[in-house]
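Next comes query.txt, with compact mmCIF, C-alpha atoms.
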# COMPACT_ATOMS: atom_id res chain seq x y z
CA MET A 1 38.42 14.25 5.62
CA LEU A 2 35.06 14.27 7.42
CA ALA A 3 33.67 16.81 4.95
CA TYR A 4 34.73 14.57 2.07
CA ALA A 5 33.08 11.54 3.71
CA ILE A 6 29.82 13.48 4.25
CA ALA A 7 29.75 14.82 0.68
CA HIS A 8 30.40 11.37 -0.83
CA ARG A 9 28.03 9.43 1.49
CA GLN A 10 30.76 7.30 3.09
CA GLU A 11 28.87 6.14 6.16
CA GLY A 12 31.61 4.03 7.73
CA VAL A 13 34.28 6.73 7.35
CA ALA A 14 31.98 9.50 8.58
CA LYS A 15 30.91 7.48 11.61
CA PHE A 16 34.54 6.68 12.49
CA LEU A 17 35.76 10.28 12.11
CA TYR A 18 32.80 11.64 14.05
CA GLY A 19 34.14 9.88 17.13
CA TYR A 20 37.42 11.83 16.79
CA ARG A 21 35.96 15.20 15.84
CA ASP A 22 37.80 18.43 16.69
CA ASP A 23 37.51 22.10 15.73
CA ARG A 24 37.82 21.19 12.06
CA PHE A 25 34.41 19.53 12.35
CA TYR A 26 32.83 22.98 12.58
CA ALA A 27 34.83 24.56 9.74
CA THR A 28 33.43 25.73 6.40
CA ASP A 29 34.88 25.45 2.90
CA GLU A 30 35.85 28.27 0.54
CA ASP A 31 32.20 28.63 -0.61
CA GLY A 32 30.94 29.03 2.96
CA ASN A 33 29.40 25.55 3.06
CA ASN A 34 29.31 23.80 6.41
CA ASN A 35 29.00 20.04 6.81
CA LEU A 36 25.21 20.22 6.61
CA HIS A 37 25.45 22.08 3.28
CA LEU A 38 27.63 19.25 1.99
CA ALA A 39 25.14 16.65 3.18
CA ALA A 40 22.38 18.56 1.37
CA LYS A 41 24.08 18.21 -2.02
CA LEU A 42 22.99 15.41 -4.33
CA GLY A 43 25.02 12.28 -3.67
CA PRO A 44 27.28 10.66 -6.26
CA ARG A 45 25.48 8.68 -8.97
CA PHE A 46 27.14 5.41 -8.02
CA GLU A 47 25.86 5.79 -4.45
CA LEU A 48 22.31 6.52 -5.61
CA ASP A 49 22.30 3.53 -7.95
CA ARG A 50 22.81 1.20 -5.00
CA VAL A 51 19.12 1.70 -4.26
CA SER A 52 16.51 0.86 -6.90
CA GLY A 53 13.73 3.35 -7.57
CA ALA A 54 13.72 7.16 -7.38
CA ALA A 55 11.54 7.18 -4.25
CA LEU A 56 13.99 4.99 -2.33
CA GLN A 57 16.91 7.09 -3.57
CA LEU A 58 15.23 10.23 -2.25
CA GLN A 59 14.50 8.47 1.05
CA SER A 60 18.16 7.53 1.33
CA GLU A 61 19.22 11.13 0.65
CA LEU A 62 16.75 12.45 3.23
CA ARG A 63 17.95 9.94 5.78
CA TRP A 64 21.57 11.02 5.25
CA PHE A 65 20.67 14.71 5.54
CA LYS A 66 18.65 14.16 8.73
CA SER A 67 21.44 12.04 10.26
CA VAL A 68 24.05 14.77 9.69
CA GLU A 69 21.59 17.42 10.87
CA ALA A 70 21.26 15.57 14.20
CA ILE A 71 24.99 15.79 15.00
CA VAL A 72 25.86 19.33 13.87
CA PRO A 73 25.24 22.47 15.97
CA ARG A 74 21.72 23.80 15.71
CA PHE A 75 22.76 27.11 14.17
CA TYR A 76 24.07 25.16 11.15
CA THR A 77 20.49 24.71 9.89
CA GLU A 78 20.12 28.49 9.43
CA GLN A 79 23.69 29.27 8.42
CA LYS A 80 24.00 30.53 4.83
CA ASN A 81 26.80 29.97 2.34
CA LYS A 82 28.20 32.57 -0.07
CA ASP A 83 25.18 32.10 -2.34
CA GLY A 84 22.88 33.03 0.57
CA GLU A 85 21.38 29.55 0.84
CA THR A 86 20.65 27.54 3.96
CA PRO A 87 21.32 23.78 3.97
CA TYR A 88 17.65 22.96 3.42
CA GLN A 89 17.46 25.34 0.48
CA VAL A 90 20.49 23.61 -1.02
CA PHE A 91 18.79 20.24 -0.51
CA VAL A 92 15.61 21.40 -2.27
CA LYS A 93 17.55 22.83 -5.22
CA GLU A 94 19.83 19.80 -5.61
CA HIS A 95 17.04 17.21 -5.36
CA LYS A 96 14.37 18.95 -7.47
CA ASN A 97 14.62 16.51 -10.37
CA LEU A 98 14.90 13.50 -8.07
CA LEU A 99 11.68 14.58 -6.32
CA LYS A 100 9.82 14.65 -9.65
CA GLU A 101 11.07 11.17 -10.50
CA ALA A 102 10.17 9.91 -7.01
CA VAL A 103 6.62 11.28 -7.26
CA GLU A 104 6.11 9.63 -10.65
CA TRP A 105 7.53 6.32 -9.39
CA MET A 106 5.35 6.36 -6.28
CA LYS A 107 2.18 7.29 -8.19
CA ARG A 108 2.81 4.67 -10.87
CA THR A 109 3.36 1.95 -8.27
CA ALA A 110 0.30 2.96 -6.24
CA GLU A 111 -1.99 3.21 -9.29
CA SER A 112 -1.06 -0.20 -10.70
CA SER A 113 -1.36 -1.85 -7.29
CA THR A 114 -4.72 -0.18 -6.66
CA VAL A 115 -6.12 -1.64 -9.89
CA VAL A 116 -5.03 -5.14 -8.86
CA ALA A 117 -6.44 -4.77 -5.34
CA ALA A 118 -9.75 -3.41 -6.68
CA LEU A 119 -10.12 -6.41 -9.00
CA ILE A 120 -9.49 -8.77 -6.07
CA ILE A 121 -12.14 -6.98 -3.98
CA THR A 122 -14.69 -7.34 -6.80
CA ILE A 123 -13.93 -11.03 -7.32
CA MET A 124 -13.89 -12.02 -3.65
CA PHE A 125 -17.02 -10.03 -2.80
CA ALA A 126 -18.90 -11.79 -5.56
CA ALA A 127 -17.46 -15.18 -4.56
CA ALA A 128 -18.80 -14.78 -1.01
CA PHE A 129 -22.39 -14.80 -2.33
CA THR A 130 -21.95 -17.40 -5.08
CA VAL A 131 -20.47 -20.20 -2.98
CA PRO A 132 -19.42 -23.46 -4.63
CA GLY A 133 -22.24 -26.00 -4.76
CA GLY A 134 -24.94 -23.41 -4.05
CA ASN A 135 -27.28 -23.24 -1.05
CA ASP A 136 -29.79 -25.70 0.36
CA GLN A 137 -33.29 -24.62 -0.72
CA ASN A 138 -34.82 -25.68 2.60
CA THR A 139 -32.35 -24.21 5.09
CA GLY A 140 -30.51 -21.61 3.02
CA PHE A 141 -27.13 -22.85 4.24
CA PRO A 142 -24.37 -23.79 1.76
CA ILE A 143 -24.62 -27.43 0.68
CA PHE A 144 -20.90 -28.16 1.21
CA LEU A 145 -20.67 -26.39 4.59
CA ASN A 146 -19.97 -29.51 6.64
CA LYS A 147 -19.13 -32.00 3.89
CA THR A 148 -15.67 -33.49 3.35
CA ALA A 149 -14.13 -35.59 0.64
CA PRO A 150 -14.98 -39.29 0.59
CA ALA A 151 -13.07 -41.47 3.06
CA GLU A 152 -11.56 -38.36 4.66
CA SER A 153 -12.39 -36.44 7.80
CA PHE A 154 -11.12 -32.98 8.75
CA THR A 155 -11.83 -30.80 11.74
CA VAL A 156 -11.86 -27.86 9.33
CA THR A 157 -13.73 -28.63 6.12
CA PRO A 158 -12.46 -27.37 2.72
CA PHE A 159 -15.54 -25.19 2.41
CA LYS A 160 -14.70 -23.37 5.64
CA VAL A 161 -11.18 -22.85 4.32
CA PHE A 162 -12.76 -21.23 1.27
CA ILE A 163 -14.91 -18.91 3.40
CA VAL A 164 -12.06 -17.83 5.69
CA SER A 165 -9.65 -17.32 2.78
CA ASP A 166 -12.26 -15.32 0.89
CA ALA A 167 -12.83 -13.03 3.88
CA ILE A 168 -9.10 -12.52 4.53
CA SER A 169 -8.47 -11.77 0.86
CA LEU A 170 -11.32 -9.26 0.76
CA PHE A 171 -10.25 -7.44 3.94
CA THR A 172 -6.55 -7.30 3.10
CA ALA A 173 -7.29 -6.08 -0.44
CA SER A 174 -9.49 -3.35 1.03
CA GLY A 175 -6.71 -2.36 3.41
CA SER A 176 -4.26 -2.33 0.52
CA VAL A 177 -6.51 0.02 -1.46
CA LEU A 178 -6.70 2.39 1.50
CA MET A 179 -2.91 2.45 1.80
CA PHE A 180 -2.43 3.16 -1.90
CA LEU A 181 -5.14 5.83 -1.89
CA GLY A 182 -3.25 7.44 0.99
CA ILE A 183 -0.19 7.54 -1.27
CA LEU A 184 -2.11 8.99 -4.23
CA THR A 185 -3.65 11.76 -2.11
CA SER A 186 -0.39 12.70 -0.41
CA SER A 187 1.12 16.19 -0.73
CA TYR A 188 4.44 14.62 -1.82
CA ALA A 189 6.55 16.92 0.32
CA TYR A 190 10.19 15.99 0.87
CA GLU A 191 9.47 14.91 4.45
CA ASP A 192 6.77 12.49 3.28
CA PHE A 193 9.37 10.36 1.51
CA LEU A 194 11.31 9.74 4.73
CA ILE A 195 8.78 7.62 6.66
CA SER A 196 5.14 8.33 5.76
CA LEU A 197 5.00 7.28 2.09
CA PRO A 198 7.43 4.32 2.40
CA THR A 199 5.43 2.99 5.35
CA LYS A 200 2.16 3.15 3.42
CA LEU A 201 3.85 1.40 0.52
CA ILE A 202 5.17 -1.34 2.83
CA PHE A 203 1.76 -2.05 4.36
CA GLY A 204 0.08 -1.78 0.95
CA LEU A 205 2.38 -4.31 -0.70
CA ILE A 206 2.23 -6.72 2.26
CA SER A 207 -1.58 -6.53 2.32
CA LEU A 208 -1.73 -7.07 -1.42
CA PHE A 209 0.56 -10.10 -1.20
CA ILE A 210 -1.58 -11.63 1.56
CA SER A 211 -4.70 -10.93 -0.50
CA ILE A 212 -3.28 -12.67 -3.58
CA ALA A 213 -2.08 -15.62 -1.49
CA THR A 214 -5.45 -16.12 0.24
CA LEU A 215 -7.25 -15.69 -3.09
CA THR A 216 -5.22 -18.63 -4.40
CA VAL A 217 -6.02 -20.64 -1.27
CA ALA A 218 -9.74 -19.94 -1.75
CA PHE A 219 -9.50 -21.04 -5.38
CA CYS A 220 -7.76 -24.30 -4.42
CA ALA A 221 -10.28 -24.97 -1.65
CA THR A 222 -13.13 -24.50 -4.13
CA LEU A 223 -11.53 -26.96 -6.54
CA TYR A 224 -11.10 -29.48 -3.73
CA VAL A 225 -14.77 -29.16 -2.81
CA MET A 226 -15.93 -29.56 -6.40
CA LEU A 227 -13.55 -32.40 -7.30
CA ARG A 228 -14.33 -34.22 -4.03
CA GLY A 229 -10.76 -35.28 -3.30
CA GLN A 230 -9.69 -36.44 -6.79
CA ARG A 231 -6.00 -35.75 -6.29
CA LYS A 232 -4.88 -36.53 -9.84
CA GLU A 233 -6.67 -33.42 -11.07
CA PHE A 234 -6.35 -31.34 -7.89
CA ILE A 235 -2.57 -31.44 -7.29
CA PRO A 236 -1.41 -30.16 -10.75
CA ILE A 237 -3.96 -27.34 -10.66
CA THR A 238 -2.82 -26.36 -7.16
CA VAL A 239 0.80 -26.21 -8.28
CA LEU A 240 -0.12 -24.00 -11.22
CA ALA A 241 -2.19 -21.76 -8.93
CA GLY A 242 0.94 -21.04 -6.87
CA ILE A 243 2.74 -19.51 -9.85
CA PRO A 244 1.12 -16.03 -9.51
CA ILE A 245 2.20 -15.85 -5.86
CA MET A 246 5.79 -16.72 -6.74
CA CYS A 247 5.80 -14.19 -9.60
CA PHE A 248 4.48 -11.40 -7.35
CA ALA A 249 7.02 -12.24 -4.65
CA PHE A 250 9.85 -12.36 -7.19
CA LEU A 251 8.91 -8.98 -8.71
CA HIS A 252 8.25 -7.04 -5.51
CA PHE A 253 10.23 -8.79 -2.77
CA ARG A 254 13.43 -6.86 -3.48
CA HIS A 255 11.64 -3.49 -3.33
CA LEU A 256 9.82 -4.49 -0.17
CA VAL A 257 13.04 -5.53 1.57
CA GLU A 258 14.83 -2.34 0.51
CA ILE A 259 11.99 -0.09 1.64
CA THR A 260 11.68 -1.86 5.00
CA ALA A 261 15.45 -1.81 5.59
CA LEU A 262 15.76 1.90 4.80
CA THR A 263 12.70 2.84 6.83
CA LEU A 264 13.58 0.84 9.96
CA ARG A 265 17.36 1.19 9.73
CA PRO A 266 18.85 2.82 12.87
CA ASP A 267 20.39 6.27 12.69
CA ILE A 268 23.87 6.31 11.10
CA PHE A 269 25.49 7.98 14.12
CA GLY A 270 23.59 5.95 16.72
CA ARG A 271 21.18 8.69 17.77
CA GLU A 272 18.08 6.62 16.99
CA THR A 273 17.49 2.87 17.31
CA ALA A 274 15.32 0.63 15.17
CA THR A 275 12.77 0.40 18.02
CA THR A 276 12.27 4.16 18.22
CA ARG A 277 12.11 4.35 14.44
CA LEU A 278 9.39 1.65 14.43
CA PHE A 279 7.38 3.53 17.06
CA GLU A 280 7.77 6.76 15.06
CA LEU A 281 6.64 4.88 11.95
CA PHE A 282 3.34 3.89 13.61
CA THR A 283 2.69 7.22 15.35
CA ILE A 284 3.21 9.20 12.13
CA ASN A 285 0.85 7.02 10.08
CA ILE A 286 -1.60 6.49 12.94
CA PRO A 287 -1.62 9.82 14.85
CA ILE A 288 -4.22 8.65 17.38
CA LEU A 289 -2.17 5.57 18.38
CA PRO A 290 -0.64 7.13 21.56
CA SER A 291 -4.10 8.26 22.71
CA VAL A 292 -5.57 4.82 22.04
CA VAL A 293 -2.75 3.18 24.00
CA ASP A 294 -3.38 5.52 26.94
CA ILE A 295 -7.11 4.79 26.87
CA VAL A 296 -6.54 1.01 26.80
CA ILE A 297 -4.00 1.12 29.64
CA ASN A 298 -6.20 3.36 31.80
CA GLY A 299 -9.18 1.11 31.08
CA LEU A 300 -7.25 -2.00 32.15
CA ILE A 301 -6.07 -0.31 35.35
CA ASP A 302 -9.63 0.82 36.17
CA SER A 303 -10.99 -2.70 35.52
CA ILE A 304 -8.35 -4.28 37.77
CA GLU A 305 -9.13 -1.80 40.56
CA ARG A 306 -12.86 -2.54 40.27
CA LEU A 307 -12.18 -6.29 40.37
CA ILE A 308 -10.02 -5.93 43.49
CA SER A 309 -12.70 -3.82 45.19
CA TYR A 310 -15.36 -6.39 44.31
CA LEU A 311 -13.30 -9.30 45.67
CA ARG A 312 -12.59 -7.41 48.88
CA SER A 313 -16.28 -6.62 49.39
CA ARG A 314 -17.19 -10.31 48.96
CA ASN A 315 -14.51 -11.47 51.36
CA GLY A 316 -15.49 -8.77 53.82

Let me see whether you can do it: turn the structure in this file into C-alpha cells.
Amino acid sequence: MLAYAIAHRQEGVAKFLYGYRDDRFYATDEDGNNNLHLAAKLGPRFELDRVSGAALQLQSELRWFKSVEAIVPRFYTEQKNKDGETPYQVFVKEHKNLLKEAVEWMKRTAESSTVVAALIITIMFAAAFTVPGGNDQNTGFPIFLNKTAPAESFTVTPFKVFIVSDAISLFTASGSVLMFLGILTSSYAYEDFLISLPTKLIFGLISLFISIATLTVAFCATLYVMLRGQRKEFIPITVLAGIPIMCFAFLHFRHLVEITALTLRPDIFGRETATTRLFELFTINIPILPSVVDIVINGLIDSIERLISYLRSRNG
C-alpha cells in the first residue's frame, strides 16, 4: 500500500502509512525496485497537470523524490534494481524529457522578462535626467521641485513622488535583470530546479512587478505636476495607467503563488519546516549570507563592549 502511494504521489496516504511502517516498508518489488526507485519514476500525468509549467512540475517531482529519500535507509540511494540502476539513475532517465521542457520554459520566461526589465531601465534612466518642467537656468534645480498644485499643500510634493518612484523602478528593474541573467546562465542541473532557479524566478518576478508599479506611479505623478491638479483630466488617465499593473498581476500571479508555495512548502513527512526551507533558500542563492550575519553580530557585540568600557571609564 505504501509503495502504491509513493508511486502515485498520494501525499496524504503516504504520510499516514509512514507512521505505521513495518518490515514491508523496506521490501522491494519483483523488479528489485525499493521505495526510492518508485519515487524516482515519473508521476502520473494527472498529478503533474495539477501544477502549471514544466519547471514547476519538475520541481514538484524533485521535492517528492527528496522527501522519500529523507525517510528511507541510506543504503537505498545506492541500491540497484534488476536493470542495474540506482534510484537517481532511474530519476534521470524518467525525467529526461521533462527536464528539456523545464529548461525551455525557464529560458523563455527569463528572456521575455529580461526584455521588459531592460526597457524599463532605459526609460527610467532617461526620465531621471529629463525631469518634467525642466531645470531652473540660474540654480540648476528642477522647477517643480517644491511646487504643489494650486490651493493644495502636501508635505511630499508630486515631483518628489516622481523622483522616488523613478529611482525605485530603476533599481528594482536592475535587480530583476540580474535575477533573470542568473537563470539564463545557470547550468540547469536537476538540483537547480528544486530551490535555486525557482527562487531567482520569484525575486525576479516580484522585482519586475514593483518596477512596473512604480513606473506607473512616476507617470501619474508627472501628469499631476504638468496638469497642476486638474482632476477631470488626471483621474481618468490614472485609472487607465493602472491597467498594465492589473494585467501583469493577472497573468503572473498564479505562477508566482505556485512557485512560492512549492519552494517554501514544508517537507511532506515533517522533516523540514517552512522556516528552515526559507533559510536554505537564502543561503543557497546568497552563499556569503551566513558569513555576513556573523560579521554583523560580532561587530555589534564589539561595539556594545566598547560602549560599556567607555561609560565605565567616564564614571570611574

### Query
What is the distance, in Å and to one decimal place, between atom CA of Ser186 of chain A and atom CA of Ala117 of chain A?
19.1 Å

#### Entry: Å distance separating atom CA of Ser165 of chain A from atom CA of Leu215 of chain A, one decimal place
6.5 Å

### Message
For a quick check of your reading of the model, name the residues lying within 12 Å of the coordinate (14.7, 15.0, -6.9), counting all atoms listed in the file, and write them as a count of residues only.
### Response
35

### Message
I need the residue nearest Asn34 of chain A from this list: A:Ala126, A:Ala14, A:Leu2, A:Leu181. Use only C-alpha atoms for the distance.
### Response
A:Leu2

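Once Gly242 of chain A and its same-chain neighbours fewer than 4 positions away are set aside, Thr216, Thr238 and Met246 of chain A remain within 8 Å of it when counting only C-alpha atoms.
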
Print the selection's residues with C-alpha atoms to a file, as a PDB file, in the frame of the given file.
ATOM      1  CA  THR A 216      -5.220 -18.630  -4.400  1.00  0.00           C
ATOM      2  CA  THR A 238      -2.820 -26.360  -7.160  1.00  0.00           C
ATOM      3  CA  MET A 246       5.790 -16.720  -6.740  1.00  0.00           C
TER       4      MET A 246
END

### Query
Which is closer to Leu36 of chain A than all the others in A:Met106, A:Ala3, A:Ile235, A:Ala241, using only C-alpha atoms?
A:Ala3

Can you pull segment 193-220 of chain A out of that block with C-alpha atoms and hand it back as a PDB file, in the first residue's frame?
ATOM      1  CA  PHE A 193      15.135  23.287 -10.220  1.00  0.00           C
ATOM      2  CA  LEU A 194      14.478  22.435  -6.567  1.00  0.00           C
ATOM      3  CA  ILE A 195      15.315  25.779  -4.912  1.00  0.00           C
ATOM      4  CA  SER A 196      17.904  27.852  -6.812  1.00  0.00           C
ATOM      5  CA  LEU A 197      16.099  28.574 -10.098  1.00  0.00           C
ATOM      6  CA  PRO A 198      12.583  28.935  -8.591  1.00  0.00           C
ATOM      7  CA  THR A 199      13.951  31.377  -6.012  1.00  0.00           C
ATOM      8  CA  LYS A 200      15.581  33.534  -8.677  1.00  0.00           C
ATOM      9  CA  LEU A 201      12.350  33.472 -10.640  1.00  0.00           C
ATOM     10  CA  ILE A 202      10.355  34.527  -7.554  1.00  0.00           C
ATOM     11  CA  PHE A 203      12.610  37.501  -6.797  1.00  0.00           C
ATOM     12  CA  GLY A 204      12.802  38.404 -10.489  1.00  0.00           C
ATOM     13  CA  LEU A 205       9.033  38.489 -10.960  1.00  0.00           C
ATOM     14  CA  ILE A 206       8.442  40.381  -7.689  1.00  0.00           C
ATOM     15  CA  SER A 207      11.101  42.962  -8.606  1.00  0.00           C
ATOM     16  CA  LEU A 208       9.630  43.328 -12.078  1.00  0.00           C
ATOM     17  CA  PHE A 209       6.129  43.829 -10.670  1.00  0.00           C
ATOM     18  CA  ILE A 210       7.379  46.516  -8.259  1.00  0.00           C
ATOM     19  CA  SER A 211       9.250  48.180 -11.125  1.00  0.00           C
ATOM     20  CA  ILE A 212       6.145  48.300 -13.334  1.00  0.00           C
ATOM     21  CA  ALA A 213       4.016  49.581 -10.442  1.00  0.00           C
ATOM     22  CA  THR A 214       6.443  52.380  -9.526  1.00  0.00           C
ATOM     23  CA  LEU A 215       6.856  53.259 -13.212  1.00  0.00           C
ATOM     24  CA  THR A 216       3.097  53.837 -13.331  1.00  0.00           C
ATOM     25  CA  VAL A 217       3.263  55.914 -10.147  1.00  0.00           C
ATOM     26  CA  ALA A 218       6.027  58.049 -11.662  1.00  0.00           C
ATOM     27  CA  PHE A 219       3.955  58.553 -14.808  1.00  0.00           C
ATOM     28  CA  CYS A 220       0.898  59.620 -12.790  1.00  0.00           C
TER      29      CYS A 220
END
